[in-house]
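A.B. asks: To be precise about what I am sending: the file is called final_31.cif and holds mmCIF, C-alpha atoms.
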data_structure
loop_
_atom_site.group_PDB
_atom_site.id
_atom_site.type_symbol
_atom_site.label_atom_id
_atom_site.label_comp_id
_atom_site.auth_asym_id
_atom_site.auth_seq_id
_atom_site.Cartn_x
_atom_site.Cartn_y
_atom_site.Cartn_z
ATOM 1 C CA MET A 1 14.347 15.462 20.980
ATOM 2 C CA ASP A 2 14.204 12.217 18.974
ATOM 3 C CA MET A 3 13.459 10.343 22.197
ATOM 4 C CA ASP A 4 10.303 12.415 22.834
ATOM 5 C CA LEU A 5 9.141 11.906 19.268
ATOM 6 C CA ASN A 6 9.647 8.171 19.610
ATOM 7 C CA ASN A 7 7.803 8.135 22.953
ATOM 8 C CA ASP A 8 4.911 10.126 21.461
ATOM 9 C CA LEU A 9 4.795 7.748 18.525
ATOM 10 C CA GLU A 10 4.850 4.695 20.793
ATOM 11 C CA LYS A 11 2.086 6.199 22.939
ATOM 12 C CA ARG A 12 -0.079 6.774 19.826
ATOM 13 C CA ILE A 13 0.492 3.192 18.701
ATOM 14 C CA SER A 14 -0.174 1.801 22.167
ATOM 15 C CA ASP A 15 -3.359 3.889 22.554
ATOM 16 C CA ALA A 16 -4.680 2.742 19.165
ATOM 17 C CA PHE A 17 -3.797 -0.884 19.962
ATOM 18 C CA CYS A 18 -5.512 -0.752 23.353
ATOM 19 C CA VAL A 19 -8.801 0.385 21.783
ATOM 20 C CA PHE A 20 -9.060 -3.183 20.436
ATOM 21 C CA ASP A 21 -7.560 -4.947 23.464
ATOM 22 C CA HIS A 22 -10.942 -6.080 24.765
ATOM 23 C CA HIS A 23 -9.527 -8.219 27.609
ATOM 24 C CA GLY A 24 -6.883 -5.773 28.825
ATOM 25 C CA ASP A 25 -4.165 -8.398 28.348
ATOM 26 C CA LYS A 26 -2.153 -6.512 25.673
ATOM 27 C CA PHE A 27 -3.362 -8.911 22.945
ATOM 28 C CA ILE A 28 -5.580 -8.134 19.964
ATOM 29 C CA ASP A 29 -7.105 -10.430 17.373
ATOM 30 C CA VAL A 30 -5.088 -10.474 14.122
ATOM 31 C CA ARG A 31 -8.275 -9.379 12.326
ATOM 32 C CA GLU A 32 -7.988 -5.993 14.110
ATOM 33 C CA VAL A 33 -4.452 -5.225 12.864
ATOM 34 C CA GLY A 34 -5.632 -3.421 9.707
ATOM 35 C CA THR A 35 -8.099 -1.366 11.725
ATOM 36 C CA VAL A 36 -5.395 -0.339 14.221
ATOM 37 C CA LEU A 37 -3.089 0.672 11.346
ATOM 38 C CA ARG A 38 -5.870 2.744 9.746
ATOM 39 C CA LEU A 39 -6.644 4.364 13.105
ATOM 40 C CA LEU A 40 -3.001 5.486 13.116
ATOM 41 C CA GLY A 41 -3.534 7.206 9.744
ATOM 42 C CA CYS A 42 -1.965 4.471 7.631
ATOM 43 C CA VAL A 43 -3.409 3.319 4.335
ATOM 44 C CA PRO A 44 -2.135 -0.267 4.138
ATOM 45 C CA THR A 45 -2.845 -2.725 1.356
ATOM 46 C CA GLU A 46 -4.122 -6.149 2.377
ATOM 47 C CA GLN A 47 -0.634 -7.493 1.640
ATOM 48 C CA GLU A 48 0.920 -4.924 4.011
ATOM 49 C CA VAL A 49 -1.593 -5.816 6.730
ATOM 50 C CA ASN A 50 -0.719 -9.496 6.257
ATOM 51 C CA GLU A 51 3.001 -8.686 6.458
ATOM 52 C CA VAL A 52 2.481 -6.865 9.776
ATOM 53 C CA ILE A 53 0.449 -9.832 11.064
ATOM 54 C CA SER A 54 3.167 -12.297 9.970
ATOM 55 C CA ALA A 55 5.849 -10.230 11.683
ATOM 56 C CA THR A 56 3.916 -9.693 14.933
ATOM 57 C CA GLU A 57 1.591 -12.675 15.467
ATOM 58 C CA SER A 58 2.177 -14.443 18.755
ATOM 59 C CA GLU A 59 3.883 -17.821 18.510
ATOM 60 C CA GLU A 60 2.172 -18.995 21.714
ATOM 61 C CA THR A 61 -1.367 -17.910 20.875
ATOM 62 C CA SER A 62 -2.104 -18.163 17.170
ATOM 63 C CA GLY A 63 -4.515 -15.567 15.816
ATOM 64 C CA GLU A 64 -3.400 -12.897 18.276
ATOM 65 C CA VAL A 65 -0.858 -10.087 18.274
ATOM 66 C CA HIS A 66 0.836 -8.906 21.470
ATOM 67 C CA LEU A 67 1.650 -5.248 22.024
ATOM 68 C CA THR A 68 5.328 -6.018 22.786
ATOM 69 C CA LYS A 69 5.862 -7.281 19.211
ATOM 70 C CA PHE A 70 3.433 -4.869 17.526
ATOM 71 C CA LEU A 71 4.839 -1.672 19.065
ATOM 72 C CA PRO A 72 8.455 -1.823 17.834
ATOM 73 C CA HIS A 73 7.484 -3.205 14.422
ATOM 74 C CA VAL A 74 4.835 -0.563 13.706
ATOM 75 C CA SER A 75 6.989 2.220 15.229
ATOM 76 C CA GLN A 76 9.676 1.363 12.689
ATOM 77 C CA LEU A 77 7.171 1.323 9.796
ATOM 78 C CA LEU A 78 5.778 4.718 10.790
ATOM 79 C CA MET A 79 9.236 6.244 11.247
ATOM 80 C CA GLU A 80 10.082 5.006 7.737
ATOM 81 C CA ARG A 81 6.842 6.663 6.559
ATOM 82 C CA LYS A 82 5.425 3.397 5.222
ATOM 83 C CA MET A 83 1.729 3.034 4.385
ATOM 84 C CA GLU A 84 1.122 6.781 4.236
ATOM 85 C CA PRO A 85 -1.839 8.041 2.205
ATOM 86 C CA ALA A 86 -1.067 9.411 -1.240
ATOM 87 C CA PRO A 87 -0.958 13.221 -1.330
ATOM 88 C CA PRO A 88 -4.048 14.879 -2.877
ATOM 89 C CA GLU A 89 -2.001 16.118 -5.870
ATOM 90 C CA LYS A 90 -1.070 12.551 -6.766
ATOM 91 C CA ILE A 91 -4.685 11.348 -6.449
ATOM 92 C CA LEU A 92 -5.873 14.223 -8.660
ATOM 93 C CA GLN A 93 -3.190 13.338 -11.208
ATOM 94 C CA ALA A 94 -4.485 9.732 -11.255
ATOM 95 C CA PHE A 95 -8.078 10.914 -11.786
ATOM 96 C CA LYS A 96 -6.940 13.123 -14.686
ATOM 97 C CA ILE A 97 -5.233 10.151 -16.337
ATOM 98 C CA LEU A 98 -8.591 8.328 -16.159
ATOM 99 C CA ASP A 99 -10.242 11.352 -17.817
ATOM 100 C CA PRO A 100 -8.313 11.818 -21.102
ATOM 101 C CA GLU A 101 -11.078 14.034 -22.547
ATOM 102 C CA ASN A 102 -10.721 16.420 -19.581
ATOM 103 C CA LYS A 103 -14.441 16.373 -18.735
ATOM 104 C CA GLY A 104 -13.786 16.815 -14.994
ATOM 105 C CA TYR A 105 -15.775 13.728 -14.073
ATOM 106 C CA LEU A 106 -15.828 9.958 -14.413
ATOM 107 C CA THR A 107 -18.910 7.857 -15.012
ATOM 108 C CA LYS A 108 -20.134 5.608 -12.232
ATOM 109 C CA GLU A 109 -19.835 2.618 -14.579
ATOM 110 C CA SER A 110 -16.213 3.187 -15.632
ATOM 111 C CA PHE A 111 -15.015 4.180 -12.155
ATOM 112 C CA GLY A 112 -16.915 1.305 -10.522
ATOM 113 C CA LYS A 113 -15.390 -1.197 -12.949
ATOM 114 C CA LEU A 114 -11.867 0.108 -12.211
ATOM 115 C CA MET A 115 -12.412 0.067 -8.445
ATOM 116 C CA MET A 116 -13.686 -3.504 -8.427
ATOM 117 C CA GLU A 117 -11.302 -5.021 -10.983
ATOM 118 C CA GLU A 118 -7.963 -3.191 -10.878
ATOM 119 C CA GLY A 119 -5.211 -3.004 -8.272
ATOM 120 C CA GLU A 120 -6.549 -3.985 -4.876
ATOM 121 C CA PRO A 121 -10.245 -4.417 -5.705
ATOM 122 C CA PHE A 122 -12.976 -2.868 -3.577
ATOM 123 C CA THR A 123 -15.737 -5.103 -2.246
ATOM 124 C CA GLN A 124 -19.368 -4.356 -3.091
ATOM 125 C CA GLU A 125 -19.810 -3.169 0.505
ATOM 126 C CA GLU A 126 -16.934 -0.687 0.109
ATOM 127 C CA MET A 127 -18.437 0.533 -3.162
ATOM 128 C CA ASP A 128 -21.835 1.002 -1.492
ATOM 129 C CA GLU A 129 -20.147 3.120 1.207
ATOM 130 C CA MET A 130 -18.260 5.171 -1.368
ATOM 131 C CA TRP A 131 -21.031 6.019 -3.833
ATOM 132 C CA PRO A 132 -23.030 8.472 -1.682
ATOM 133 C CA VAL A 133 -19.908 10.628 -1.227
ATOM 134 C CA ALA A 134 -18.514 10.188 -4.749
ATOM 135 C CA ILE A 135 -21.560 10.563 -6.994
ATOM 136 C CA ASP A 136 -23.167 13.874 -7.841
ATOM 137 C CA PRO A 137 -26.899 13.226 -7.301
ATOM 138 C CA ILE A 138 -27.898 15.477 -10.203
ATOM 139 C CA SER A 139 -25.570 14.234 -12.958
ATOM 140 C CA GLY A 140 -24.987 10.714 -11.630
ATOM 141 C CA HIS A 141 -21.268 11.154 -12.384
ATOM 142 C CA ILE A 142 -18.222 11.422 -10.134
ATOM 143 C CA PRO A 143 -16.874 15.000 -10.302
ATOM 144 C CA TYR A 144 -13.427 13.951 -9.120
ATOM 145 C CA GLU A 145 -12.081 17.286 -7.857
ATOM 146 C CA PHE A 146 -15.150 17.676 -5.650
ATOM 147 C CA TYR A 147 -14.892 14.031 -4.564
ATOM 148 C CA LEU A 148 -11.207 14.461 -3.718
ATOM 149 C CA ASN A 149 -12.081 17.493 -1.563
ATOM 150 C CA GLN A 150 -14.683 15.364 0.217
ATOM 151 C CA LEU A 151 -12.043 12.684 0.867
ATOM 152 C CA MET A 152 -9.597 15.235 2.294
ATOM 153 C CA VAL A 153 -12.138 16.007 5.031
ATOM 154 C CA TYR A 154 -11.666 12.440 6.312
ATOM 155 C CA LEU A 155 -7.855 12.350 6.209
#
What would you get if you wrote out this structure as structure tokens?

C.D. replies:
Amino acid sequence: MDMDLNNDLEKRISDAFCVFDHHGDKFIDVREVGTVLRLLGCVPTEQEVNEVISATESEETSGEVHLTKFLPHVSQLLMERKMEPAPPEKILQAFKILDPENKGYLTKESFGKLMMEEGEPFTQEEMDEMWPVAIDPISGHIPYEFYLNQLMVYL
């Protein structure tokens, strides 16, 4: 049974990898590693992406990752449940901590400042992509329970 699971997992990883293997030579550009991980449902930090690149980058051809190194490394990470998205309950809990007055929303200004300055900061481009989904067009605020439900559609 474990063998089938592992084969299914390896097939998923290989399929995702091959989407970005533009030359059909089982190599991808290191800049695609994060995208492949996200395609597999992972939510890696930039540091985690860089760690995967360091562990899998080809010694012969710098700037590229070969499937033979990527597959076992990423299989192990996924089996260990690394880089998984936070469960919705945990995200909601975080939003509530940011809303000590229990208003049910955050302001664009306060949330934007946090997203661009704390933890792993968002770029302006990422913020511009997020705002249309996050902000209530009538109030101009981020009703976080509604926003979280919107996010769950994409996960």

A.B. asks: Extract, using only C-alpha atoms, all DNA, RNA and protein residues at most 9 Å from Glu10 of chain A, discarding same-chain residues fewer than 6 positions from it, and format them as a ChimeraX atom specification.

C.D. replies: /A:71-72,74-75

A.B. asks: Carefully work through the PyMOL selection byres ((chain A and resi 57) around 12) for this structure and note down the residues it includes, as a PyMOL selection string.

C.D. replies: chain A and resi 27-33+49-56+58-70+73

A.B. asks: Go ahead and write the residues just picked, C-alpha atoms, as an mmCIF file, in the coordinates of the input.

C.D. replies:
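Output below, filename again_4.cif:
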data_model
loop_
_atom_site.group_PDB
_atom_site.id
_atom_site.type_symbol
_atom_site.label_atom_id
_atom_site.label_comp_id
_atom_site.auth_asym_id
_atom_site.auth_seq_id
_atom_site.Cartn_x
_atom_site.Cartn_y
_atom_site.Cartn_z
ATOM 1 C CA PHE A 27 -3.362 -8.911 22.945
ATOM 2 C CA ILE A 28 -5.580 -8.134 19.964
ATOM 3 C CA ASP A 29 -7.105 -10.430 17.373
ATOM 4 C CA VAL A 30 -5.088 -10.474 14.122
ATOM 5 C CA ARG A 31 -8.275 -9.379 12.326
ATOM 6 C CA GLU A 32 -7.988 -5.993 14.110
ATOM 7 C CA VAL A 33 -4.452 -5.225 12.864
ATOM 8 C CA VAL A 49 -1.593 -5.816 6.730
ATOM 9 C CA ASN A 50 -0.719 -9.496 6.257
ATOM 10 C CA GLU A 51 3.001 -8.686 6.458
ATOM 11 C CA VAL A 52 2.481 -6.865 9.776
ATOM 12 C CA ILE A 53 0.449 -9.832 11.064
ATOM 13 C CA SER A 54 3.167 -12.297 9.970
ATOM 14 C CA ALA A 55 5.849 -10.230 11.683
ATOM 15 C CA THR A 56 3.916 -9.693 14.933
ATOM 16 C CA SER A 58 2.177 -14.443 18.755
ATOM 17 C CA GLU A 59 3.883 -17.821 18.510
ATOM 18 C CA GLU A 60 2.172 -18.995 21.714
ATOM 19 C CA THR A 61 -1.367 -17.910 20.875
ATOM 20 C CA SER A 62 -2.104 -18.163 17.170
ATOM 21 C CA GLY A 63 -4.515 -15.567 15.816
ATOM 22 C CA GLU A 64 -3.400 -12.897 18.276
ATOM 23 C CA VAL A 65 -0.858 -10.087 18.274
ATOM 24 C CA HIS A 66 0.836 -8.906 21.470
ATOM 25 C CA LEU A 67 1.650 -5.248 22.024
ATOM 26 C CA THR A 68 5.328 -6.018 22.786
ATOM 27 C CA LYS A 69 5.862 -7.281 19.211
ATOM 28 C CA PHE A 70 3.433 -4.869 17.526
ATOM 29 C CA HIS A 73 7.484 -3.205 14.422
#

A.B. asks: Between atom CA of Pro88 of chain A and atom CA of Glu46 of chain A, measure the distance and give it in Å to one decimal.

C.D. replies: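 Interatomic distance here is 21.7 Å.
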
A.B. asks: If you measure from atom CA of Pro143 of chain A to atom CA of Leu106 of chain A, what distance in Å do you get, rounded to one decimal?

C.D. replies: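 Interatomic distance, atom CA of Pro143 of chain A to atom CA of Leu106 of chain A: 6.6 Å.
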
A.B. asks: Could you list the residues chosen by the PyMOL selection byres ((chain A and resi 86) around 12) in this structure as a list in words?

C.D. replies: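 Output from the PyMOL selection byres ((chain A and resi 86) around 12), applied to this file: Gly41, Cys42, Val43, Pro44, Arg81, Lys82, Met83, Glu84, Pro85, Pro87, Pro88, Glu89, Lys90, Ile91, Leu92, Gln93, Ala94, Leu148, Leu151, Met152 and Leu155 of chain A.
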
A.B. asks: How far is it from atom CA of Leu39 of chain A to atom CA of Gly24 of chain A, in Å with one decimal?

C.D. replies: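 Those two atoms sit 18.7 Å apart.
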
A.B. asks: I need the residue set behind the PyMOL selection byres ((chain A and resi 107-118) around 9) for this file; please write it as a CSV table (one decimal) with C-alpha atoms, keeping the file's coordinate frame.

C.D. replies:
chain,number,residue,atom,x,y,z
A,98,LEU,CA,-8.6,8.3,-16.2
A,105,TYR,CA,-15.8,13.7,-14.1
A,106,LEU,CA,-15.8,10.0,-14.4
A,119,GLY,CA,-5.2,-3.0,-8.3
A,120,GLU,CA,-6.5,-4.0,-4.9
A,121,PRO,CA,-10.2,-4.4,-5.7
A,122,PHE,CA,-13.0,-2.9,-3.6
A,123,THR,CA,-15.7,-5.1,-2.2
A,124,GLN,CA,-19.4,-4.4,-3.1
A,127,MET,CA,-18.4,0.5,-3.2
A,131,TRP,CA,-21.0,6.0,-3.8
A,134,ALA,CA,-18.5,10.2,-4.7
A,135,ILE,CA,-21.6,10.6,-7.0
A,140,GLY,CA,-25.0,10.7,-11.6
A,141,HIS,CA,-21.3,11.2,-12.4
A,142,ILE,CA,-18.2,11.4,-10.1
A,143,PRO,CA,-16.9,15.0,-10.3

A.B. asks: Take segment 72-89 of chain A, bring it up to N, CA and C atoms, and give me the output as a PDB file, in the coordinates of the input.

C.D. replies:
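The file below, part-v1.pdb, is the result:
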ATOM      1  N   PRO A  72       7.203  -2.169  18.525  1.00  0.00           N
ATOM      2  CA  PRO A  72       8.455  -1.823  17.834  1.00  0.00           C
ATOM      3  C   PRO A  72       8.350  -1.973  16.315  1.00  0.00           C
ATOM      4  N   HIS A  73       7.615  -2.976  15.865  1.00  0.00           N
ATOM      5  CA  HIS A  73       7.484  -3.205  14.422  1.00  0.00           C
ATOM      6  C   HIS A  73       6.759  -2.038  13.744  1.00  0.00           C
ATOM      7  N   VAL A  74       5.629  -1.635  14.304  1.00  0.00           N
ATOM      8  CA  VAL A  74       4.835  -0.563  13.706  1.00  0.00           C
ATOM      9  C   VAL A  74       5.523   0.790  13.906  1.00  0.00           C
ATOM     10  N   SER A  75       6.211   0.985  15.025  1.00  0.00           N
ATOM     11  CA  SER A  75       6.989   2.220  15.229  1.00  0.00           C
ATOM     12  C   SER A  75       7.984   2.397  14.095  1.00  0.00           C
ATOM     13  N   GLN A  76       8.682   1.317  13.759  1.00  0.00           N
ATOM     14  CA  GLN A  76       9.676   1.363  12.689  1.00  0.00           C
ATOM     15  C   GLN A  76       9.014   1.696  11.349  1.00  0.00           C
ATOM     16  N   LEU A  77       7.882   1.051  11.058  1.00  0.00           N
ATOM     17  CA  LEU A  77       7.171   1.323   9.796  1.00  0.00           C
ATOM     18  C   LEU A  77       6.756   2.789   9.706  1.00  0.00           C
ATOM     19  N   LEU A  78       6.231   3.325  10.805  1.00  0.00           N
ATOM     20  CA  LEU A  78       5.778   4.718  10.790  1.00  0.00           C
ATOM     21  C   LEU A  78       6.954   5.679  10.687  1.00  0.00           C
ATOM     22  N   MET A  79       8.057   5.365  11.348  1.00  0.00           N
ATOM     23  CA  MET A  79       9.236   6.244  11.247  1.00  0.00           C
ATOM     24  C   MET A  79       9.800   6.225   9.832  1.00  0.00           C
ATOM     25  N   GLU A  80       9.632   5.105   9.130  1.00  0.00           N
ATOM     26  CA  GLU A  80      10.082   5.006   7.737  1.00  0.00           C
ATOM     27  C   GLU A  80       9.037   5.554   6.771  1.00  0.00           C
ATOM     28  N   ARG A  81       7.943   6.072   7.319  1.00  0.00           N
ATOM     29  CA  ARG A  81       6.842   6.663   6.559  1.00  0.00           C
ATOM     30  C   ARG A  81       6.200   5.667   5.588  1.00  0.00           C
ATOM     31  N   LYS A  82       6.081   4.442   6.027  1.00  0.00           N
ATOM     32  CA  LYS A  82       5.425   3.397   5.222  1.00  0.00           C
ATOM     33  C   LYS A  82       3.909   3.537   5.358  1.00  0.00           C
ATOM     34  N   MET A  83       3.196   3.102   4.372  1.00  0.00           N
ATOM     35  CA  MET A  83       1.729   3.034   4.385  1.00  0.00           C
ATOM     36  C   MET A  83       1.044   4.389   4.539  1.00  0.00           C
ATOM     37  N   GLU A  84       1.734   5.456   4.151  1.00  0.00           N
ATOM     38  CA  GLU A  84       1.122   6.781   4.236  1.00  0.00           C
ATOM     39  C   GLU A  84       0.138   6.974   3.084  1.00  0.00           C
ATOM     40  N   PRO A  85      -0.904   7.774   3.300  1.00  0.00           N
ATOM     41  CA  PRO A  85      -1.839   8.041   2.205  1.00  0.00           C
ATOM     42  C   PRO A  85      -1.151   8.846   1.096  1.00  0.00           C
ATOM     43  N   ALA A  86      -1.606   8.640  -0.114  1.00  0.00           N
ATOM     44  CA  ALA A  86      -1.067   9.411  -1.240  1.00  0.00           C
ATOM     45  C   ALA A  86      -1.467  10.879  -1.064  1.00  0.00           C
ATOM     46  N   PRO A  87      -0.586  11.803  -1.436  1.00  0.00           N
ATOM     47  CA  PRO A  87      -0.958  13.221  -1.330  1.00  0.00           C
ATOM     48  C   PRO A  87      -2.080  13.546  -2.331  1.00  0.00           C
ATOM     49  N   PRO A  88      -2.924  14.542  -2.011  1.00  0.00           N
ATOM     50  CA  PRO A  88      -4.048  14.879  -2.877  1.00  0.00           C
ATOM     51  C   PRO A  88      -3.637  15.174  -4.318  1.00  0.00           C
ATOM     52  N   GLU A  89      -2.465  15.789  -4.509  1.00  0.00           N
ATOM     53  CA  GLU A  89      -2.001  16.118  -5.870  1.00  0.00           C
ATOM     54  C   GLU A  89      -1.825  14.843  -6.697  1.00  0.00           C
TER      55      GLU A  89
END
